[in-house]
Structure formats: structure tokens, C-alpha cells
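*Asks:* Okay, so here is data_4.txt, and as you'll see once you scroll down, it has compact mmCIF, C-alpha atoms.
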# COMPACT_ATOMS: atom_id res chain seq x y z
CA MET A 146 1.16 13.03 -6.02
CA SER A 147 2.38 14.43 -2.74
CA ALA A 148 3.91 12.42 0.06
CA PRO A 149 5.01 14.70 2.89
CA PHE A 150 6.17 11.81 5.06
CA PHE A 151 8.56 10.28 2.51
CA GLY A 152 12.12 11.45 1.96
CA LEU A 153 14.39 13.49 4.17
CA LYS A 154 12.80 15.96 6.55
CA ARG A 155 15.61 18.49 6.16
CA SER A 156 17.36 20.00 3.19
CA ASP A 157 20.95 19.21 4.14
CA SER A 158 22.55 15.92 5.06
CA SER A 159 25.52 17.37 6.95
CA GLY A 160 24.65 15.42 10.08
CA LEU A 161 24.83 12.08 8.30
CA ALA A 162 27.96 9.97 7.84
CA GLY A 163 30.13 11.24 5.01
CA GLY A 164 27.53 13.89 4.14
CA ARG A 165 25.51 11.21 2.33
CA SER A 166 21.88 10.62 3.02
CA ARG A 167 20.52 7.14 3.61
CA GLY A 168 16.96 8.44 3.33
CA LEU A 169 14.16 6.99 5.38
CA ARG A 170 13.57 3.27 5.67
CA ALA A 171 10.09 1.79 5.46
CA ASP A 172 8.53 -1.45 4.28
CA LEU A 173 5.65 -0.24 2.10
CA HIS A 174 4.00 -3.63 1.60
CA LEU A 175 3.43 -5.43 4.88
CA HIS A 176 0.43 -7.59 5.84
CA SER A 177 -0.71 -8.59 9.29
CA HIS A 178 -2.91 -11.55 10.17
CA LEU A 179 -5.89 -9.31 9.33
CA SER A 180 -5.21 -10.06 5.64
CA ALA A 181 -4.94 -13.81 6.29
CA GLY A 182 -6.23 -16.00 3.52
CA ARG A 183 -6.75 -13.06 1.13
CA SER A 184 -5.19 -13.10 -2.32
CA CYS A 185 -2.15 -10.89 -2.48
CA GLY A 186 -0.04 -10.51 -5.61
CA THR A 187 0.72 -13.98 -6.83
CA GLY A 188 0.08 -15.71 -3.52
CA THR A 189 -2.07 -15.78 -0.43
CA VAL A 190 -1.27 -14.07 2.85
CA ARG A 191 -0.14 -16.62 5.44
CA ARG A 192 -2.62 -17.41 8.17
CA ASP A 193 0.23 -17.31 10.69
CA ALA A 194 1.14 -13.70 9.90
CA ASP A 195 1.79 -11.58 12.96
CA ASP A 196 -0.58 -9.26 14.72
CA PRO A 197 -0.26 -5.53 13.90
CA VAL A 198 1.42 -4.45 17.15
CA THR A 199 4.03 -7.23 16.89
CA LEU A 200 4.78 -6.16 13.31
CA TYR A 201 5.10 -2.52 14.37
CA ARG A 202 7.59 -3.40 17.11
CA ALA A 203 9.56 -5.69 14.79
CA ALA A 204 9.76 -3.04 12.08
CA ARG A 205 11.10 -0.50 14.58
CA GLU A 206 13.62 -3.04 15.93
CA ARG A 207 14.82 -3.71 12.36
CA GLY A 208 15.58 -0.03 11.84
CA MET A 209 12.51 1.17 9.99
CA ASP A 210 12.08 4.95 10.33
CA LEU A 211 8.44 4.81 9.23
CA VAL A 212 5.96 1.99 9.69
CA THR A 213 2.73 1.11 7.95
CA LEU A 214 0.61 -1.93 7.24
CA THR A 215 -1.02 -2.60 3.89
CA ASP A 216 -3.64 -5.09 4.91
CA ILE A 217 -6.01 -5.98 2.11
CA ASP A 218 -9.01 -3.64 1.99
CA ARG A 219 -8.70 -2.69 5.65
CA ILE A 220 -6.95 -0.20 7.90
CA ASP A 221 -7.86 -1.57 11.32
CA GLY A 222 -4.36 -2.97 11.85
CA CYS A 223 -2.90 0.53 11.68
CA LEU A 224 -5.72 1.78 13.92
CA ARG A 225 -4.91 -0.93 16.50
CA ILE A 226 -1.30 0.22 16.57
CA LEU A 227 -2.41 3.83 17.03
CA ASP A 228 -4.73 2.75 19.86
CA GLN A 229 -1.77 1.17 21.67
CA PHE A 230 0.74 3.91 20.71
CA PRO A 231 -1.35 7.09 20.35
CA GLU A 232 1.75 9.31 20.22
CA ALA A 233 3.43 7.31 17.42
CA THR A 234 4.75 9.79 14.88
CA ASP A 235 6.42 7.09 12.76
CA LEU A 236 3.20 5.30 11.77
CA PHE A 237 0.99 6.21 8.83
CA ILE A 238 -2.22 4.48 7.75
CA SER A 239 -2.13 2.52 4.51
CA GLU A 240 -3.90 -0.35 2.81
CA GLU A 241 -3.85 -2.54 -0.27
CA ILE A 242 -7.07 -2.00 -2.18
CA VAL A 243 -8.21 -4.74 -4.54
CA THR A 244 -10.05 -2.94 -7.32
CA ARG A 245 -11.60 -4.10 -10.56
CA HIS A 246 -10.66 -2.82 -13.98
CA PRO A 247 -13.66 -3.42 -16.26
CA GLY A 248 -11.63 -3.13 -19.47
CA LEU A 249 -9.30 -5.91 -18.36
CA ARG A 250 -11.85 -7.92 -16.38
CA ALA A 251 -9.10 -8.33 -13.82
CA ASP A 252 -8.29 -7.30 -10.28
CA LEU A 253 -5.62 -4.69 -9.64
CA HIS A 254 -3.88 -4.32 -6.29
CA VAL A 255 -3.36 -0.67 -5.42
CA LEU A 256 -1.22 0.27 -2.43
CA VAL A 257 -2.47 3.52 -0.87
CA PHE A 258 -0.38 5.40 1.69
CA GLY A 259 -1.17 8.00 4.32
CA LEU A 260 -4.95 7.94 4.17
CA ASN A 261 -7.41 8.61 6.97
CA GLU A 262 -10.60 6.78 7.93
CA ARG A 263 -12.85 8.96 5.76
CA GLN A 264 -10.61 8.43 2.73
CA HIS A 265 -10.52 4.68 3.41
CA ARG A 266 -14.33 4.49 3.43
CA GLU A 267 -14.61 6.45 0.18
CA ALA A 268 -11.87 4.42 -1.52
CA GLN A 269 -13.66 1.21 -0.53
CA ARG A 270 -16.88 2.58 -1.99
CA LEU A 271 -15.13 3.39 -5.28
CA LYS A 272 -13.06 0.23 -5.65
CA ARG A 273 -15.58 -1.42 -7.99
CA ASP A 274 -13.99 0.61 -10.80
CA ALA A 275 -10.22 1.18 -10.87
CA GLY A 276 -10.63 4.38 -12.88
CA ASP A 277 -12.95 5.91 -10.28
CA LEU A 278 -10.61 4.84 -7.49
CA VAL A 279 -7.49 6.29 -9.13
CA ARG A 280 -9.26 9.60 -9.89
CA TYR A 281 -10.29 9.84 -6.24
CA LEU A 282 -6.77 9.07 -4.98
CA ASP A 283 -5.37 11.72 -7.32
CA ASP A 284 -7.99 14.27 -6.20
CA GLU A 285 -7.12 13.56 -2.56
CA LYS A 286 -3.38 13.83 -3.39
CA LEU A 287 -2.75 10.47 -1.76
CA PRO A 288 0.41 8.59 -2.74
CA PHE A 289 -0.41 5.23 -4.31
CA SER A 290 1.25 2.59 -6.42
CA LEU A 291 0.19 -0.35 -8.52
CA GLY A 292 1.11 -3.54 -6.75
CA PRO A 293 2.26 -6.67 -8.55
CA TYR A 294 0.20 -6.41 -11.71
CA VAL A 295 0.86 -9.79 -13.30
CA GLU A 296 -2.73 -10.74 -12.43
CA ALA A 297 -3.90 -7.90 -14.68
CA LEU A 298 -2.36 -9.28 -17.85
CA PRO A 299 -5.13 -9.98 -20.34
CA ALA A 300 -5.78 -13.70 -20.71
CA ASP A 301 -5.74 -13.37 -24.51
CA GLY A 302 -2.23 -11.87 -24.38
CA ASP A 303 -3.35 -8.56 -25.93
CA LEU A 304 -1.25 -6.09 -23.93
CA SER A 305 -2.71 -3.06 -25.72
CA ARG A 306 -5.53 -2.96 -23.14
CA LEU A 307 -3.02 -2.94 -20.28
CA VAL A 308 -1.06 0.13 -21.44
CA PRO A 309 -3.82 2.69 -20.67
CA VAL A 310 -4.15 1.16 -17.20
CA LEU A 311 -0.43 1.45 -16.53
CA ARG A 312 -0.44 5.08 -17.63
CA ARG A 313 -2.79 5.93 -14.74
CA PHE A 314 -0.03 5.07 -12.26
CA ARG A 315 3.19 6.93 -11.48
CA CYS A 316 4.57 4.34 -9.07
CA PHE A 317 4.85 0.58 -9.46
CA GLU A 318 5.84 -2.19 -7.12
CA ILE A 319 8.19 -4.27 -9.21
CA LEU A 320 9.16 -6.91 -6.68
CA TYR A 321 7.25 -7.99 -3.61
CA ALA A 322 9.98 -9.30 -1.33
CA ALA A 323 7.69 -11.75 0.49
CA GLU A 324 7.11 -13.69 -2.73
CA THR A 325 9.40 -16.49 -3.79
CA PHE A 326 10.29 -17.06 -7.39
CA ASP A 327 11.50 -20.45 -8.64
Kindly present the structure from the file in C-alpha cells form.

*Replies:*
Amino acid sequence: MSAPFFGLKRSDSSGLAGGRSRGLRADLHLHSHLSAGRSCGTGTVRRDADDPVTLYRAARERGMDLVTLTDIDRIDGCLRILDQFPEATDLFISEEIVTRHPGLRADLHVLVFGLNERQHREAQRLKRDAGDLVRYLDDEKLPFSLGPYVEALPADGDLSRLVPVLRRFRCFEILYAAETFD
């Protein structure tokens, strides 16, 4: 998995305070109103979520070095930002793809980063089978991670079917900060 836009862009950190790198800051799981009402992790995206351009500006104001949206099964929020800011070098196109894993009979939420419109269309075509989708993302060398996967736990409690699924992923979202836990 290659992600040329993540991490430091230079090999030394001499220009940073104390010689220590803070890395790049980015929120890698952010929904706009375009995901409104769609199931996301353990909840539903708020209908009052902001529009893509407002989120882009807010992310930049909050010190994000890179900005992306992970709207559910769509990339048009990122495209709207690019339409308004065609020279933006800090934005990359991403999405949260809801895919089906036949062996689990459950939906998996896969966050895909840095894709283009052609890759989005093909990923959407392949999302009926999580295995096909993951193979495609690997072949395209796109960075991706498994989102909150609690939904994928087998209803019968037999976790042995989940292990092969987890092995297909190298990155996992452990905590989605927008969720509240009581």
C-alpha cells in the first residue's frame, strides 16, 4: 500500500521545533451533508452536517495540512471543493465505501484515500463483494482502511469467520471520534 501524500515530504526535520517532526495533520474520516441519513459506523450521519466547502475551510482553519471527505459511496463533495479551489494542493479525493462480505453476511465500511473518478466508479461497481473490492484497491495501490467493524461481527458470535476478513486489511480505524460512547 503506497500513500505518497501521507507523512513528511522531506527526509530531515531540522526546520521543525526541537528537531522533532509533528508529521502532517488530517482528519481521515469526515462526512459532509452529502452522506446525510446514511448509516456510518454505529450511527447515522447527521442531516445538519456541513457542506463540503465549509468543511474544507474549517479543516484548514483548525490546522489540518491535508483535507479530504469520506462521504458514503460518493466523491462529489471532494469534487465540489476542487471546483471552487482548483489549485488546492492540500485536498485529496476519498470516500467511505459500504461493501458486502458474503461470508459474514454483513456490511463493511472501507475508507479509501487518494482515488480518482475512474477508480471511484470501478470501486462502486465492485463493492457488492468485499474481496473483489479489496483486491482492486490493492491492485491500484490505493491506501485504504477498515472502518469501525463492529457491524461485521457475526451474529452467532463465531469470530473465526471474521479473522480472514481482518487479514485482508493493513489499516484499521479503531475509534471514530464523531461517535459517542456511554

*Asks:* In Å, how far is it from atom CA of A:Gly259 to atom CA of A:Ser290?

*Replies:*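 Those two atoms sit 12.3 Å apart.
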
*Asks:* Work out how far apart atom CA of A:Arg170 and atom CA of A:Asp195 are and give it in Å to one decimal.

*Replies:* 20.3 Å

*Asks:* Atom CA of A:Ser239 to atom CA of A:Val310: how many Å, to one decimal?

*Replies:*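 Computing it gives 21.8 Å between the two atoms.
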
*Asks:* Just checking: using only C-alpha atoms, which residue out of A:Ile220, A:Ala233, A:Arg250, A:Asp274 ends up closest to A:Leu307?

*Replies:*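 Of the candidates, the smallest distance to A:Leu307 is held by A:Arg250.
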
*Asks:* Would you pick out the contacts of A:Tyr281 at 9 Å or less, using all atoms listed in the file, so that residues sharing its chain but fewer than 6 positions from it are not included, and give the list as a list in words?

*Replies:*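 Listing them by chain and then by number gives Glu267, Ala268, Leu271 and Leu287 of chain A.
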
*Asks:* For A:Pro197, which residue among A:Arg225, A:Ala181, A:Arg219, A:Asp210 is the nearest when counting only C-alpha atoms?

*Replies:*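 Once distances to A:Pro197 are computed over only C-alpha atoms, the minimum belongs to A:Arg225.
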
*Asks:* Check the smallest atom-to-atom distance from each of A:Gly168, A:Gly222, A:Pro231, A:Gly276 to A:Pro309 using only C-alpha atoms, then report the winner.

*Replies:*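 So, comparing all the options, the nearest one is A:Gly276.
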
*Asks:* Show me the residues close to (5.3, 8.7, 12.2) - anything with an atom within 10 Å, counting only C-alpha atoms - and format the list as a list in words.

*Replies:* Phe150, Asp210, Leu211, Val212, Thr213, Glu232, Ala233, Thr234, Asp235, Leu236, Phe237 and Ile238 of chain A

*Asks:* Can you work out which one of A:Asp218, A:Arg280, A:Glu206, A:Asp196 has the shortest atom-to-atom distance to A:Arg266, counting all atoms listed in the file?

*Replies:*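 When distances to A:Arg266 are compared using all atoms listed in the file, the smallest one comes from A:Asp218.
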
*Asks:* So which one's closest to A:Leu278, A:Ile242, A:Leu304, A:Ala171, A:Cys223? Using all atoms listed in the file, please.

*Replies:*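 Going through A:Ile242, A:Leu304, A:Ala171, A:Cys223 one by one, the smallest distance to A:Leu278 is for A:Ile242.
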
*Asks:* Name the closest residue to A:His254 among the candidates A:Lys286, A:Arg270, A:Arg315, A:His174; distances are taken between atoms, counting all atoms listed in the file.

*Replies:* A:His174
